[in-house]
Amino acid sequence: MTTPFQLHQRLQQDCITIGHFKLCQLLMMNDSHYPWFILVPAKADITEIYQLSKPDQFTLLEESSYFAENLAELYKADKINIAAIGNLVPQLHIHHIVRYRNDKAWPDPVWGKFATLPYTQQQIEDNIARVKTQLRL
């Protein structure tokens with residue numbers, strides 16, 4: 001019997017669900033310092049990209065590339081940081097962080113740099129609407 005996919009507790013706690021692609025769940029990190037999103041392949045017990053089937057690896061790359069291109073356009077990014085770290089959350093998840101040369105952490109990585117600053121409810125609604133419109137979700 002296959003284990004059903006379940007989103008890691010830390011991702012549930014720190015993120016807001018926006019929607020789904022063919023393979024991945026799309027989450028928004030609840031930190032208003034940066035437009036920060038996470039793709040999570042909806043596959044149980046996966047911690048590394050190489051553990052996905054070859055077709056799922058390609059789908060992940062396609063979804064990540066499509067998403068990054070749309071983020072760059074939507075937020076007029078100077079750079080999109082894409083990373084799969086997984087030290088605190090072992091479940092495979094891919095960070096997509098919009099960066100600007102004048103953002104609070106530039107040019108350093110954003111991890112652990114500053115305490116998170118949660119979005120207001122209005123900011124959450126506005127960001128989700130913008131992203132869904134851009135991606136046609």
# chains A, B, ... in the order shown; residues from 1 in each chain; ligands from 1

$ closest_atom_pairs --of "range 25-64 of chain A" --to "range 83-93 of chain A" --cutoff "6 Å" --atoms "only C-alpha atoms" --output "JSON lines"
{"residue": "A:Leu39", "atom": "CA", "partner": "A:His93", "partner_atom": "CA", "distance": 5.6}
{"residue": "A:Val40", "atom": "CA", "partner": "A:His93", "partner_atom": "CA", "distance": 4.5}
{"residue": "A:Ile46", "atom": "CA", "partner": "A:Leu92", "partner_atom": "CA", "distance": 5.8}
{"residue": "A:Thr47", "atom": "CA", "partner": "A:Leu92", "partner_atom": "CA", "distance": 4.4}
{"residue": "A:Glu48", "atom": "CA", "partner": "A:Leu92", "partner_atom": "CA", "distance": 5.7}

$ residues_around --residues "range 115-124 of chain A" --least-positions-apart "3" --cutoff "7 Å" --atoms "only C-alpha atoms" --output "PDB file with N, CA and C atoms, in the first residue's frame"
ATOM      1  N   ASN A  30       5.113  32.766   4.425  1.00  0.00           N
ATOM      2  CA  ASN A  30       4.490  33.890   5.118  1.00  0.00           C
ATOM      3  C   ASN A  30       5.573  34.796   5.708  1.00  0.00           C
ATOM      4  N   ASP A  31       6.326  35.434   4.802  1.00  0.00           N
ATOM      5  CA  ASP A  31       7.386  36.380   5.167  1.00  0.00           C
ATOM      6  C   ASP A  31       7.378  37.503   4.138  1.00  0.00           C
ATOM      7  N   SER A  32       6.915  38.654   4.569  1.00  0.00           N
ATOM      8  CA  SER A  32       6.726  39.765   3.631  1.00  0.00           C
ATOM      9  C   SER A  32       8.014  40.504   3.265  1.00  0.00           C
ATOM     10  N   HIS A  33       9.152  40.061   3.782  1.00  0.00           N
ATOM     11  CA  HIS A  33      10.419  40.675   3.375  1.00  0.00           C
ATOM     12  C   HIS A  33      10.702  40.461   1.891  1.00  0.00           C
ATOM     13  N   ASN A 127      -1.379  39.164  -2.892  1.00  0.00           N
ATOM     14  CA  ASN A 127      -0.322  38.361  -3.513  1.00  0.00           C
ATOM     15  C   ASN A 127      -0.880  37.108  -4.167  1.00  0.00           C
ATOM     16  N   ILE A 128      -1.781  36.429  -3.485  1.00  0.00           N
ATOM     17  CA  ILE A 128      -2.372  35.225  -4.062  1.00  0.00           C
ATOM     18  C   ILE A 128      -3.123  35.571  -5.344  1.00  0.00           C
TER      19      ILE A 128
END

$ closest_residue --among "A:Ile18, A:Ala72, A:Val98, A:Val110" --to "Trp36 in chain A" --atoms "only C-alpha atoms"
A:Val98

$ atom_distance --atom1 "CA of Pro41 in chain A" --atom2 "CA of Ile16 in chain A"
15.7 Å

$ atom_distance --atom1 "CA of Pro4 in chain A" --atom2 "CA of Asp45 in chain A"
8.9 Å

$ select_by_dssp --residues "chain A" --states "strand (DSSP E)" --output "PDB file with C-alpha atoms, in the first residue's frame"
ATOM      1  CA  CYS A  15       3.272  28.824   4.358  1.00  0.00           C
ATOM      2  CA  ILE A  16      -0.017  29.615   2.674  1.00  0.00           C
ATOM      3  CA  THR A  17      -1.283  27.269  -0.021  1.00  0.00           C
ATOM      4  CA  ILE A  18      -1.933  28.990  -3.349  1.00  0.00           C
ATOM      5  CA  GLY A  19      -2.739  26.111  -5.676  1.00  0.00           C
ATOM      6  CA  HIS A  20      -1.432  23.140  -7.609  1.00  0.00           C
ATOM      7  CA  CYS A  24       3.628  20.305  -7.308  1.00  0.00           C
ATOM      8  CA  GLN A  25       1.734  22.154  -4.654  1.00  0.00           C
ATOM      9  CA  LEU A  26       2.399  25.887  -4.764  1.00  0.00           C
ATOM     10  CA  LEU A  27       2.948  27.592  -1.418  1.00  0.00           C
ATOM     11  CA  MET A  28       3.769  31.151  -0.394  1.00  0.00           C
ATOM     12  CA  MET A  29       6.121  31.630   2.550  1.00  0.00           C
ATOM     13  CA  TRP A  36       9.011  33.813  -1.505  1.00  0.00           C
ATOM     14  CA  PHE A  37       7.292  30.729  -2.871  1.00  0.00           C
ATOM     15  CA  ILE A  38       7.796  26.997  -2.574  1.00  0.00           C
ATOM     16  CA  LEU A  39       7.007  24.136  -4.935  1.00  0.00           C
ATOM     17  CA  VAL A  40       6.432  20.773  -3.249  1.00  0.00           C
ATOM     18  CA  PRO A  41       6.116  17.671  -5.419  1.00  0.00           C
ATOM     19  CA  LYS A  79      17.208  37.678  -9.647  1.00  0.00           C
ATOM     20  CA  ILE A  80      15.216  34.559  -8.790  1.00  0.00           C
ATOM     21  CA  ASN A  81      16.934  32.386  -6.184  1.00  0.00           C
ATOM     22  CA  ILE A  82      15.956  28.730  -6.575  1.00  0.00           C
ATOM     23  CA  ALA A  83      17.092  26.197  -4.002  1.00  0.00           C
ATOM     24  CA  ILE A  94      12.003  23.948  -3.961  1.00  0.00           C
ATOM     25  CA  HIS A  95      12.282  27.576  -2.827  1.00  0.00           C
ATOM     26  CA  HIS A  96      11.684  30.326  -5.417  1.00  0.00           C
ATOM     27  CA  ILE A  97      12.642  33.684  -3.938  1.00  0.00           C
ATOM     28  CA  VAL A  98      12.335  36.977  -5.785  1.00  0.00           C
ATOM     29  CA  ARG A  99      15.393  39.096  -5.089  1.00  0.00           C
TER      30      ARG A  99
END

$ closest_residue --among "A:Asn102, A:Leu74, A:Gln9, A:Lys54" --to "Lys132 in chain A" --atoms "only C-alpha atoms"
A:Leu74

$ atom_distance --atom1 "CA of Leu137 in chain A" --atom2 "CA of Glu73 in chain A"
16.3 Å

$ residues_around --residues "Leu61 in chain A" --least-positions-apart "2" --cutoff "12 Å" --atoms "only C-alpha atoms" --output "PyMOL selection string"
chain A and resi 22-24+39+41+49-50+52+54-59+63-68+82+94

$ write_last_selection --atoms "C-alpha atoms" --output "PDB file, in the first residue's frame"
ATOM      1  CA  LYS A  22       0.388  18.938 -12.361  1.00  0.00           C
ATOM      2  CA  LEU A  23       3.044  17.645  -9.923  1.00  0.00           C
ATOM      3  CA  CYS A  24       3.628  20.305  -7.308  1.00  0.00           C
ATOM      4  CA  LEU A  39       7.007  24.136  -4.935  1.00  0.00           C
ATOM      5  CA  PRO A  41       6.116  17.671  -5.419  1.00  0.00           C
ATOM      6  CA  ILE A  49      14.996  15.167  -6.696  1.00  0.00           C
ATOM      7  CA  TYR A  50      16.709  11.975  -7.888  1.00  0.00           C
ATOM      8  CA  LEU A  52      11.398  11.119  -8.309  1.00  0.00           C
ATOM      9  CA  LYS A  54      12.389  10.452 -14.554  1.00  0.00           C
ATOM     10  CA  PRO A  55       9.090  11.823 -15.907  1.00  0.00           C
ATOM     11  CA  ASP A  56       8.429  13.525 -12.553  1.00  0.00           C
ATOM     12  CA  GLN A  57      11.959  14.988 -12.552  1.00  0.00           C
ATOM     13  CA  PHE A  58      11.262  16.576 -15.932  1.00  0.00           C
ATOM     14  CA  THR A  59       7.851  17.792 -14.796  1.00  0.00           C
ATOM     15  CA  GLU A  63       7.053  23.615 -13.424  1.00  0.00           C
ATOM     16  CA  SER A  64       9.954  25.306 -11.648  1.00  0.00           C
ATOM     17  CA  SER A  65      11.143  27.029 -14.824  1.00  0.00           C
ATOM     18  CA  TYR A  66       7.642  28.133 -15.783  1.00  0.00           C
ATOM     19  CA  PHE A  67       7.017  29.433 -12.284  1.00  0.00           C
ATOM     20  CA  ALA A  68      10.376  31.250 -12.045  1.00  0.00           C
ATOM     21  CA  ILE A  82      15.956  28.730  -6.575  1.00  0.00           C
ATOM     22  CA  ILE A  94      12.003  23.948  -3.961  1.00  0.00           C
TER      23      ILE A  94
END

$ closest_residue --among "A:Phe5, A:Lys43, A:Asn70, A:Tyr34" --to "Arg136 in chain A" --atoms "only C-alpha atoms"
A:Asn70

$ closest_residue --among "A:Ala77, A:Ala129, A:Leu135, A:Leu7" --to "Tyr100 in chain A" --atoms "only C-alpha atoms"
A:Ala77

$ select_by_dssp --residues "chain A" --states "alpha helix (DSSP H)" --output "MDAnalysis selection string"
chainID A and resid 9:14 54:75 121:135

$ write_last_selection --atoms "C-alpha atoms" --output "CSV table (one decimal), in the first residue's frame"
chain,number,residue,atom,x,y,z
A,9,GLN,CA,4.0,20.2,9.3
A,10,ARG,CA,6.6,23.0,9.1
A,11,LEU,CA,5.5,23.9,5.6
A,12,GLN,CA,1.9,23.9,6.8
A,13,GLN,CA,2.9,26.2,9.6
A,14,ASP,CA,5.1,28.6,7.7
A,54,LYS,CA,12.4,10.5,-14.6
A,55,PRO,CA,9.1,11.8,-15.9
A,56,ASP,CA,8.4,13.5,-12.6
A,57,GLN,CA,12.0,15.0,-12.6
A,58,PHE,CA,11.3,16.6,-15.9
A,59,THR,CA,7.9,17.8,-14.8
A,60,LEU,CA,9.4,19.4,-11.7
A,61,LEU,CA,12.0,21.2,-13.9
A,62,GLU,CA,9.3,22.4,-16.3
A,63,GLU,CA,7.1,23.6,-13.4
A,64,SER,CA,10.0,25.3,-11.6
A,65,SER,CA,11.1,27.0,-14.8
A,66,TYR,CA,7.6,28.1,-15.8
A,67,PHE,CA,7.0,29.4,-12.3
A,68,ALA,CA,10.4,31.2,-12.0
A,69,GLU,CA,9.8,33.0,-15.4
A,70,ASN,CA,6.4,34.1,-14.3
A,71,LEU,CA,7.7,35.3,-10.9
A,72,ALA,CA,10.4,37.3,-12.6
A,73,GLU,CA,7.9,39.0,-14.9
A,74,LEU,CA,5.3,39.6,-12.2
A,75,TYR,CA,7.6,41.0,-9.6
A,121,GLN,CA,-4.4,39.3,5.6
A,122,GLN,CA,-4.8,41.9,2.8
A,123,GLN,CA,-1.3,41.4,1.6
A,124,ILE,CA,-1.9,37.6,1.5
A,125,GLU,CA,-5.1,38.1,-0.6
A,126,ASP,CA,-3.4,40.6,-2.9
A,127,ASN,CA,-0.3,38.4,-3.5
A,128,ILE,CA,-2.4,35.2,-4.1
A,129,ALA,CA,-4.6,37.0,-6.5
A,130,ARG,CA,-1.6,38.4,-8.4
A,131,VAL,CA,0.1,35.1,-8.7
A,132,LYS,CA,-3.1,33.2,-9.7
A,133,THR,CA,-3.9,35.8,-12.3
A,134,GLN,CA,-0.3,35.6,-13.7
A,135,LEU,CA,-0.3,31.8,-13.8
